[in-house]
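See below for entry_19.cif, which holds mmCIF, C-alpha atoms.
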data_model
#
loop_
_atom_site.label_atom_id
_atom_site.label_comp_id
_atom_site.auth_asym_id
_atom_site.auth_seq_id
_atom_site.Cartn_x
_atom_site.Cartn_y
_atom_site.Cartn_z
CA ASP L 1 20.75 43.66 -36.03
CA ARG L 2 21.53 40.44 -34.19
CA TRP L 3 25.12 40.26 -35.42
CA GLY L 4 25.86 43.86 -34.48
CA TYR L 5 24.56 43.38 -30.96
CA LEU L 6 26.29 40.01 -30.63
CA HIS L 7 29.58 41.59 -31.68
CA ARG L 8 29.08 44.44 -29.21
CA TYR L 9 28.19 41.89 -26.53
CA GLU L 10 31.39 39.94 -27.13
CA ILE L 11 33.85 42.85 -27.33
CA THR L 12 32.50 45.16 -24.61
CA PRO L 13 35.00 45.29 -21.73
CA LEU L 14 33.50 44.32 -18.38
CA ASN L 15 36.11 45.71 -16.02
CA GLN L 16 35.17 49.39 -16.22
CA GLN L 17 35.17 51.71 -13.23
CA LEU L 18 32.05 53.78 -12.60
CA SER L 19 33.79 57.04 -13.59
CA THR L 20 34.91 55.52 -16.91
CA LEU L 21 31.46 54.07 -17.46
CA ILE L 22 29.83 57.50 -17.09
CA THR L 23 32.34 59.42 -19.21
CA GLU L 24 33.10 56.94 -22.01
CA PHE L 25 29.95 54.86 -22.49
CA ASP L 26 26.86 56.56 -23.91
CA GLU L 27 24.45 53.96 -22.62
CA PRO L 28 25.63 52.72 -19.21
CA GLY L 29 22.32 50.93 -18.56
CA PHE L 30 22.83 48.70 -21.56
CA TRP L 31 26.46 48.11 -20.57
CA LEU L 32 25.32 47.04 -17.08
CA LEU L 33 22.78 44.69 -18.63
CA MET L 34 25.47 43.10 -20.82
CA LYS L 35 27.82 42.90 -17.85
CA PHE L 36 25.18 41.12 -15.77
CA VAL L 37 24.53 38.55 -18.50
CA ARG L 38 28.20 37.89 -19.22
CA GLU L 39 29.34 37.75 -15.58
CA ASN L 40 26.64 35.19 -14.87
CA GLU L 41 27.94 33.16 -17.82
CA LEU L 42 24.61 33.28 -19.58
CA ASP L 43 24.23 32.91 -23.32
CA TYR L 44 23.67 35.97 -25.53
CA MET L 45 20.01 34.94 -25.85
CA TRP L 46 19.55 35.93 -22.20
CA LEU L 47 20.42 39.52 -23.01
CA ASN L 48 17.38 39.55 -25.28
CA MET L 49 15.24 37.72 -22.72
CA ILE L 50 16.08 40.12 -19.90
CA ALA L 51 15.58 43.13 -22.19
CA THR L 52 12.16 41.74 -23.11
CA ALA L 53 11.35 41.23 -19.43
CA ILE L 54 12.11 44.93 -18.91
CA MET L 55 10.18 46.12 -21.99
CA LEU L 56 6.97 44.19 -21.43
CA PRO L 57 5.99 45.91 -18.16
CA CYS L 58 6.67 49.25 -19.86
CA PHE L 59 4.28 48.33 -22.67
CA VAL L 60 1.66 47.13 -20.17
CA ILE L 61 1.86 50.38 -18.18
CA PHE L 62 1.47 52.37 -21.38
CA CYS L 63 -1.47 50.32 -22.65
CA ARG L 64 -3.28 50.39 -19.31
CA ALA L 65 -3.09 54.18 -19.24
CA HIS L 66 -5.31 54.40 -22.33
CA ARG L 67 -9.01 53.79 -22.62
CA ASP L 68 -8.82 51.16 -25.35
CA SER L 69 -5.80 49.12 -24.24
CA LEU L 70 -6.25 46.33 -26.79
CA LEU L 71 -6.35 48.80 -29.67
CA ILE L 72 -3.14 50.43 -28.39
CA LEU L 73 -1.52 47.00 -28.08
CA ALA L 74 -2.61 46.13 -31.63
CA LEU L 75 -1.06 49.37 -32.89
CA LEU L 76 2.16 48.74 -30.95
CA PHE L 77 2.58 45.17 -32.10
CA PRO L 78 3.91 45.52 -35.67
CA VAL L 79 6.28 48.43 -35.18
CA ILE L 80 7.31 48.60 -31.53
CA ILE L 81 7.09 44.96 -30.48
CA VAL L 82 8.07 43.11 -33.65
CA GLN L 83 10.28 45.50 -35.61
CA LEU L 84 11.94 47.63 -32.92
CA ALA L 85 12.28 45.08 -30.15
CA MET L 86 13.70 42.51 -32.55
CA SER L 87 16.11 44.79 -34.37
CA GLY L 88 17.19 47.38 -31.82
CA ILE L 89 17.39 46.22 -28.23
CA ARG L 90 18.74 49.51 -26.89
CA GLN L 91 16.20 51.59 -28.79
CA ALA L 92 13.32 49.35 -27.71
CA LEU L 93 14.35 49.58 -24.05
CA ALA L 94 14.63 53.34 -24.31
CA THR L 95 11.27 53.54 -26.07
CA GLY L 96 9.67 51.42 -23.35
CA PHE L 97 10.86 53.83 -20.66
CA LEU L 98 9.79 56.77 -22.80
CA MET L 99 6.31 55.23 -23.02
CA VAL L 100 6.19 55.03 -19.21
CA ALA L 101 7.34 58.67 -19.11
CA THR L 102 4.40 59.65 -21.32
CA VAL L 103 2.02 58.09 -18.79
CA ALA L 104 3.61 60.17 -16.02
CA TRP L 105 3.46 63.21 -18.32
CA MET L 106 -0.26 62.70 -19.03
CA ARG L 107 -0.89 62.55 -15.28
CA GLY L 108 1.08 65.77 -14.71
CA HIS L 109 3.96 64.22 -12.74
CA ARG L 110 7.00 66.23 -13.81
CA ILE L 111 9.55 64.50 -11.60
CA TRP L 112 8.48 60.99 -12.64
CA THR L 113 8.44 62.05 -16.27
CA ALA L 114 12.05 63.24 -15.92
CA VAL L 115 13.07 60.10 -14.03
CA TRP L 116 11.66 57.75 -16.68
CA ILE L 117 13.25 59.75 -19.50
CA ALA L 118 16.59 59.68 -17.66
CA ILE L 119 16.33 55.90 -17.21
CA GLY L 120 15.53 55.49 -20.90
CA ALA L 121 18.59 57.56 -21.78
CA GLN L 122 20.74 54.97 -20.03
CA PHE L 123 19.86 52.60 -22.87
CA HIS L 124 19.79 55.02 -25.81
CA THR L 125 21.02 58.59 -25.50
CA SER L 126 18.53 59.98 -28.02
CA VAL L 127 15.74 59.82 -25.42
CA VAL L 128 17.35 62.83 -23.69
CA MET L 129 15.84 65.08 -26.36
CA PHE L 130 12.43 64.52 -24.74
CA LEU L 131 13.58 65.95 -21.40
CA PRO L 132 12.39 69.49 -22.22
CA LEU L 133 8.82 68.14 -22.39
CA VAL L 134 8.97 67.68 -18.62
CA ALA L 135 8.25 71.40 -18.26
CA LEU L 136 4.91 70.90 -20.01
CA ALA L 137 3.69 68.08 -17.75
CA GLY L 138 0.49 69.06 -15.96
CA ARG L 139 0.08 72.31 -17.89
CA LYS L 140 -2.50 73.29 -20.41
CA VAL L 141 -0.57 73.11 -23.65
CA THR L 142 -1.37 75.79 -26.20
CA THR L 143 0.25 76.37 -29.55
CA LEU L 144 2.02 79.49 -28.26
CA TRP L 145 3.26 77.66 -25.16
CA LEU L 146 4.47 74.75 -27.29
CA PHE L 147 6.43 76.93 -29.73
CA GLY L 148 7.82 79.07 -26.90
CA SER L 149 9.04 76.09 -24.93
CA ALA L 150 10.48 74.49 -28.08
CA ALA L 151 12.43 77.68 -28.81
CA VAL L 152 13.79 77.89 -25.27
CA LEU L 153 14.25 74.20 -24.46
CA GLY L 154 15.28 72.95 -27.92
CA PRO L 155 18.85 74.21 -27.49
CA VAL L 156 18.93 72.54 -24.05
CA ALA L 157 18.05 69.19 -25.66
CA ILE L 158 20.75 69.70 -28.30
CA PHE L 159 23.26 70.47 -25.56
CA LEU L 160 22.27 67.34 -23.63
CA LEU L 161 22.67 65.17 -26.72
CA GLY L 162 26.17 66.55 -27.27
CA ASP L 163 28.10 64.80 -30.03
CA ARG L 164 25.11 62.64 -30.91
CA VAL L 165 23.29 65.53 -32.64
CA GLU L 166 25.64 65.32 -35.60
CA THR L 167 25.28 61.54 -35.83
CA TYR L 168 21.46 61.67 -35.72
CA SER L 169 21.22 64.52 -38.21
CA ASP L 170 23.49 62.62 -40.62
CA ARG L 171 21.26 59.57 -40.39
#
For the structure just supplied, provide its representation as structure tokens.
Amino acid sequence: DRWGYLHRYEITPLNQQLSTLITEFDEPGFWLLMKFVRENELDYMWLNMIATAIMLPCFVIFCRAHRDSLLILALLFPVIIVQLAMSGIRQALATGFLMVATVAWMRGHRIWTAVWIAIGAQFHTSVVMFLPLVALAGRKVTTLWLFGSAAVLGPVAIFLLGDRVETYSDR
């Protein structure tokens, strides 16, 4: 989606106040990234380069957390690295932070899981729907516990997504 991102890059206003940024832009992290690139008079290519420089450490952290890192990397390569990172910059950034959140989740760190999910949501709002999983970090997950938490925390995720729920369900 190079042309879509290029168009967004060219038309996004740079002179937004923080309050406007929070209330009107769904992904303020991506806006800040575009603002940085444009204010430094860098070419659009640098938006992709900086996004890649952010994503790669996320992928490395994720791979290193697993026993067979090369196998995980091989599985990530076709879908996450080639397809997603080349067609959806925002989604790939959000996925990278979500992958780091899963490492924190596996280690039982609830706060870090929430922090990484919140950072990912700054690039693509859909990542917010994983926030209810923070409650399960460090716990023994049973089927009953999983269904119970989904029933209680599912509506919370829908509330956090707001207007986006309709958009994602339509797609």
**OP:** Name the residues in contact with stretch 101-109 of chain L at a cut-off of 7 Å, using all atoms listed in the file, excluding same-chain residues fewer than 4 positions from it; report them as number ranges by chain.
**Re:** L: 62, 65, 97, 113, 116-117, 137-138
Original post:
Applied to this file, what does the PyMOL selection byres ((chain L and resi 127) around 9) return in terms of residues, put as a PyMOL selection string?
Top reply: chain L and resi 91+94-95+98+117-118+120-126+128-131+161
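For the residues L:Val134, L:Met86, L:Val79, L:Met99, ranking by smallest atom-to-atom distance to L:Met45 using all atoms listed in the file places L:Met86 first.
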Subject >> Computed interatomic separation between atom CA of L:Lys35 and atom CA of L:Ile11 (Å) >> reply: 11.2 Å
**OP:** Find the residues around L:Cys58 up to 6 Å (all atoms listed in the file counted), leave out those fewer than 3 positions away in its own chain, and share them as a PyMOL selection string.
**Re:** chain L and resi 55+61+96+100
**OP:** Tell me which of L:Leu47, L:Tyr9, L:Phe59, L:Trp145 sits closest to L:Phe77, counting only C-alpha atoms.
**Re:**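 Looking at the shortest contact to L:Phe77, the residue is L:Phe59.
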Subject >> Spatial neighbours of L:Leu32, max dist 10 Å, only C-alpha atoms, sep filter under 4 positions, as a PyMOL selection string >> reply: chain L and resi 14+21+27-28+36-38+122-123
**OP:** Please indicate the distance in Å from atom CA of L:Ser87 to atom CA of L:Pro13, rounded to one decimal place.
**Re:**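 So the two atoms, atom CA of L:Ser87 and atom CA of L:Pro13, lie 22.7 Å apart.
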Original post:
What does the distance between atom CA of L:Glu39 and atom CA of L:Asn15 come to in Å, to one decimal place?
Top reply: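 Separation between atom CA of L:Glu39 and atom CA of L:Asn15: 10.5 Å.
Among the candidate residues L:Met34, L:Ala51, L:Ala135, L:Leu42, the one lying nearest to L:Gly88 is L:Ala51, with distances computed using all atoms listed in the file.
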**OP:** Check which residues satisfy the PyMOL selection byres ((chain L and resi 2) around 10) in the file shown, then give them as a ChimeraX atom specification.
**Re:** /L:1,3-8,44,48,86-89
